[in-house]
$ cat target27.txt   # compact mmCIF, C-alpha atoms and all ligand atoms
# COMPACT_ATOMS: atom_id res chain seq x y z
CA MET P 1 116.47 90.76 67.88
CA SER P 2 113.87 92.35 70.14
CA ALA P 3 111.34 90.38 72.18
CA ILE P 4 107.71 90.42 71.06
CA ARG P 5 105.67 91.99 73.82
CA ARG P 6 102.54 90.07 74.75
CA GLU P 7 99.28 91.91 74.04
CA PHE P 8 97.16 92.88 77.02
CA GLU P 9 94.14 90.63 77.44
CA CYS P 10 91.42 91.41 79.97
CA LEU P 11 90.98 88.34 82.20
CA ARG P 12 87.83 89.70 83.86
CA CYS P 13 89.38 89.89 87.31
CA GLY P 14 87.44 93.09 88.03
CA ALA P 15 90.42 94.76 89.73
CA CYS P 16 90.10 98.00 87.76
CA CYS P 17 86.42 98.26 88.68
CA ARG P 18 87.24 97.83 92.38
CA ALA P 19 90.22 100.17 92.37
CA GLU P 20 90.37 103.16 94.66
CA GLY P 21 89.54 106.43 92.94
CA GLU P 22 86.90 108.03 90.79
CA VAL P 23 85.51 107.10 87.37
CA TRP P 24 85.18 110.51 85.72
CA LEU P 25 82.49 111.09 83.12
CA GLU P 26 83.27 113.13 80.02
CA THR P 27 80.85 115.43 78.23
CA GLY P 28 78.18 113.33 76.53
CA GLU P 29 78.85 110.16 78.53
CA PRO P 30 75.92 110.58 80.96
CA GLN P 31 73.50 110.64 78.01
CA THR P 32 75.21 107.66 76.33
CA ILE P 33 75.02 105.57 79.51
CA ALA P 34 71.43 106.67 80.19
CA ASP P 35 70.47 105.52 76.68
CA GLU P 36 72.14 102.15 77.33
CA LEU P 37 70.14 101.79 80.57
CA GLY P 38 66.90 102.99 78.96
CA ILE P 39 66.43 105.89 81.36
CA SER P 40 66.65 109.67 81.05
CA GLU P 41 69.93 111.50 81.50
CA ILE P 42 68.64 113.23 84.63
CA GLU P 43 67.55 109.89 86.14
CA PHE P 44 71.00 108.48 85.43
CA ILE P 45 72.72 111.46 87.04
CA ASP P 46 70.41 111.29 90.09
CA HIS P 47 70.79 107.55 90.68
CA TYR P 48 74.28 106.64 89.53
CA THR P 49 76.58 109.65 89.88
CA LYS P 50 77.95 112.13 92.40
CA LEU P 51 80.21 115.15 92.18
CA THR P 52 83.92 114.49 91.87
CA HIS P 53 86.04 115.30 94.92
CA ASP P 54 87.04 118.64 93.37
CA HIS P 55 83.44 119.42 92.35
CA ARG P 56 84.46 119.86 88.71
CA GLY P 57 82.50 117.02 87.22
CA LEU P 58 80.58 113.79 87.75
CA THR P 59 81.84 110.39 88.82
CA LEU P 60 80.09 107.02 89.05
CA ILE P 61 78.97 106.05 92.54
CA GLU P 62 80.37 102.97 94.27
CA ARG P 63 78.93 100.10 96.23
CA PRO P 64 79.66 100.00 99.99
CA ASP P 65 82.64 97.69 99.31
CA GLY P 66 84.16 100.27 96.94
CA ALA P 67 83.32 98.46 93.69
CA CYS P 68 81.79 100.42 90.82
CA ILE P 69 77.99 100.44 90.89
CA PHE P 70 77.98 98.78 87.44
CA LEU P 71 80.28 95.85 88.25
CA MET P 72 78.26 92.63 87.99
CA PRO P 73 78.79 89.53 90.21
CA ASP P 74 80.58 87.77 87.34
CA ASN P 75 82.99 90.74 86.99
CA THR P 76 81.40 91.96 83.75
CA CYS P 77 80.31 95.56 83.26
CA ARG P 78 76.58 96.23 83.17
CA ILE P 79 77.16 99.14 80.78
CA HIS P 80 79.93 97.51 78.73
CA ASN P 81 78.73 98.96 75.41
CA ALA P 82 78.60 102.47 76.85
CA LYS P 83 81.29 102.45 79.49
CA PRO P 84 83.24 105.67 80.12
CA ARG P 85 86.44 106.44 78.24
CA GLN P 86 88.41 106.20 81.49
CA CYS P 87 87.43 102.53 81.76
CA ARG P 88 88.18 101.79 78.09
CA ASP P 89 91.57 103.45 78.31
CA TYR P 90 93.05 101.17 80.99
CA PRO P 91 95.77 99.96 80.59
CA SER P 92 96.68 101.34 77.15
CA ARG P 93 96.39 105.05 77.93
CA TRP P 94 96.77 105.17 81.70
CA ARG P 95 97.90 102.83 84.43
CA SER P 96 99.24 102.83 87.95
CA ARG P 97 101.65 100.54 89.73
CA ARG P 98 99.12 99.72 92.42
CA LEU P 99 96.39 98.77 89.95
CA ASP P 100 98.81 96.88 87.70
CA SER P 101 99.82 94.77 90.69
CA GLN P 102 96.18 93.80 91.22
CA CYS P 103 95.18 93.29 87.57
CA ALA P 104 95.44 89.66 86.45
CA GLY P 105 95.75 90.66 82.80
CA ARG P 106 98.59 93.09 83.45
CA ARG P 107 100.41 90.56 85.63
CA ALA P 108 100.11 87.94 82.88
CA GLN P 109 101.30 90.47 80.30
CA GLU P 110 104.32 91.40 82.36
CA ALA P 111 105.12 87.73 82.99
CA GLY P 112 104.88 87.07 79.23
CA LYS P 113 102.46 84.20 79.71
S1 LIG Z 201 81.72 101.43 84.33
FE1 LIG Z 201 82.06 99.26 83.94
S2 LIG Z 201 84.23 99.09 83.30
FE2 LIG Z 201 83.95 101.12 84.29
S3 LIG Z 201 84.52 100.79 86.46
FE3 LIG Z 201 82.29 100.50 86.27
S4 LIG Z 201 82.00 98.28 85.98
FE4 LIG Z 201 84.15 98.76 85.52

$ encode --input "target27.txt" --output "structure tokens" --more "lines below"
Ligand code: SF4
Amino acid sequence: MSAIRREFECLRCGACCRAEGEVWLETGEPQTIADELGISEIEFIDHYTKLTHDHRGLTLIERPDGACIFLMPDNTCRIHNAKPRQCRDYPSRWRSRRLDSQCAGRRAQEAGK
């Protein structure tokens, strides 16, 4: 008999939104996020993005402490309904050992609690 693996549950620790690295934006996401914020796409790009390190696309800017610009004090996402695919895909479609070690939900999942 195989063990039933516990489902991942986000515990709102905010670790993935403070993780080192870039939040890449896919085609169409700048407009979707701009609509959510009630601003134009160009305003969104000017105020909330910068070029990725390889200059191939756009990434969200960070606060001085490294947290995503859209991470709220209570660890919720200001653009939750329009957040980028990269954010929605963690941890089901991508993960890293370093981030998993910081994520409360992943630690609980691994511990089977
Ligand atoms: S967009 Fe939202 S979910 Fe994605 S890193 Fe920023 S705060 Fe976190």

$ closest_residue --input "target27.txt" --among "P:Ala67, P:Ile39, P:Ala82, P:Leu58" --to "P:Ala15" --atoms "all atoms listed in the file"
P:Ala67

$ atom_distance --input "target27.txt" --atom1 "atom CA of P:Asp100" --atom2 "atom S2 of ligand LIG 201 (chain Z)"
15.4 Å

$ residues_near_ligand --input "target27.txt" --ligand "ligand LIG 201 (chain Z)" --cutoff "8 Å" --atoms "all atoms listed in the file" --output "compact mmCIF listing (two decimals) with C-alpha atoms, in the coordinates of the input"
# COMPACT_ATOMS: atom_id res chain seq x y z
CA GLY P 14 87.44 93.09 88.03
CA CYS P 16 90.10 98.00 87.76
CA CYS P 17 86.42 98.26 88.68
CA ARG P 18 87.24 97.83 92.38
CA VAL P 23 85.51 107.10 87.37
CA LEU P 60 80.09 107.02 89.05
CA ALA P 67 83.32 98.46 93.69
CA CYS P 68 81.79 100.42 90.82
CA ILE P 69 77.99 100.44 90.89
CA PHE P 70 77.98 98.78 87.44
CA LEU P 71 80.28 95.85 88.25
CA MET P 72 78.26 92.63 87.99
CA ASN P 75 82.99 90.74 86.99
CA THR P 76 81.40 91.96 83.75
CA CYS P 77 80.31 95.56 83.26
CA ARG P 78 76.58 96.23 83.17
CA ILE P 79 77.16 99.14 80.78
CA HIS P 80 79.93 97.51 78.73
CA LYS P 83 81.29 102.45 79.49
CA PRO P 84 83.24 105.67 80.12
CA GLN P 86 88.41 106.20 81.49
CA CYS P 87 87.43 102.53 81.76
CA ARG P 88 88.18 101.79 78.09

$ closest_residue --input "target27.txt" --among "P:Glu9, P:Asp35, P:Asp89, P:Glu22" --to "P:Leu51" --atoms "only C-alpha atoms"
P:Glu22

$ closest_residue --input "target27.txt" --among "P:Arg95, P:Pro30, P:Arg63, P:Arg56" --to "P:Phe44" --atoms "only C-alpha atoms"
P:Pro30

$ residues_around --input "target27.txt" --residues "P:Cys103" --least-positions-apart "3" --cutoff "10 Å" --atoms "all atoms listed in the file" --output "short mmCIF file (atom, residue, chain, number, x, y, z; two decimals) with C-alpha atoms, in the coordinates of the input"
data_model
loop_
_atom_site.label_atom_id
_atom_site.label_comp_id
_atom_site.auth_asym_id
_atom_site.auth_seq_id
_atom_site.Cartn_x
_atom_site.Cartn_y
_atom_site.Cartn_z
CA CYS P 10 91.42 91.41 79.97
CA LEU P 11 90.98 88.34 82.20
CA ARG P 12 87.83 89.70 83.86
CA CYS P 13 89.38 89.89 87.31
CA GLY P 14 87.44 93.09 88.03
CA ALA P 15 90.42 94.76 89.73
CA CYS P 16 90.10 98.00 87.76
CA ALA P 19 90.22 100.17 92.37
CA PRO P 91 95.77 99.96 80.59
CA ARG P 97 101.65 100.54 89.73
CA ARG P 98 99.12 99.72 92.42
CA LEU P 99 96.39 98.77 89.95
CA ASP P 100 98.81 96.88 87.70
CA ARG P 106 98.59 93.09 83.45
CA ARG P 107 100.41 90.56 85.63
CA ALA P 108 100.11 87.94 82.88
CA GLN P 109 101.30 90.47 80.30
#

$ closest_residue --input "target27.txt" --among "P:Glu20, P:Gln102, P:Thr27, P:Gly38" --to "P:Asp65" --atoms "all atoms listed in the file"
P:Glu20

$ atom_distance --input "target27.txt" --atom1 "atom CA of P:Thr49" --atom2 "atom CA of P:Leu37"
13.8 Å

$ atom_distance --input "target27.txt" --atom1 "atom CA of P:Glu36" --atom2 "atom CA of P:Gly57"
20.6 Å

$ closest_residue --input "target27.txt" --among "P:Trp24, P:Ser40, P:Glu7, P:Gly105" --to "P:Thr52" --atoms "all atoms listed in the file"
P:Trp24
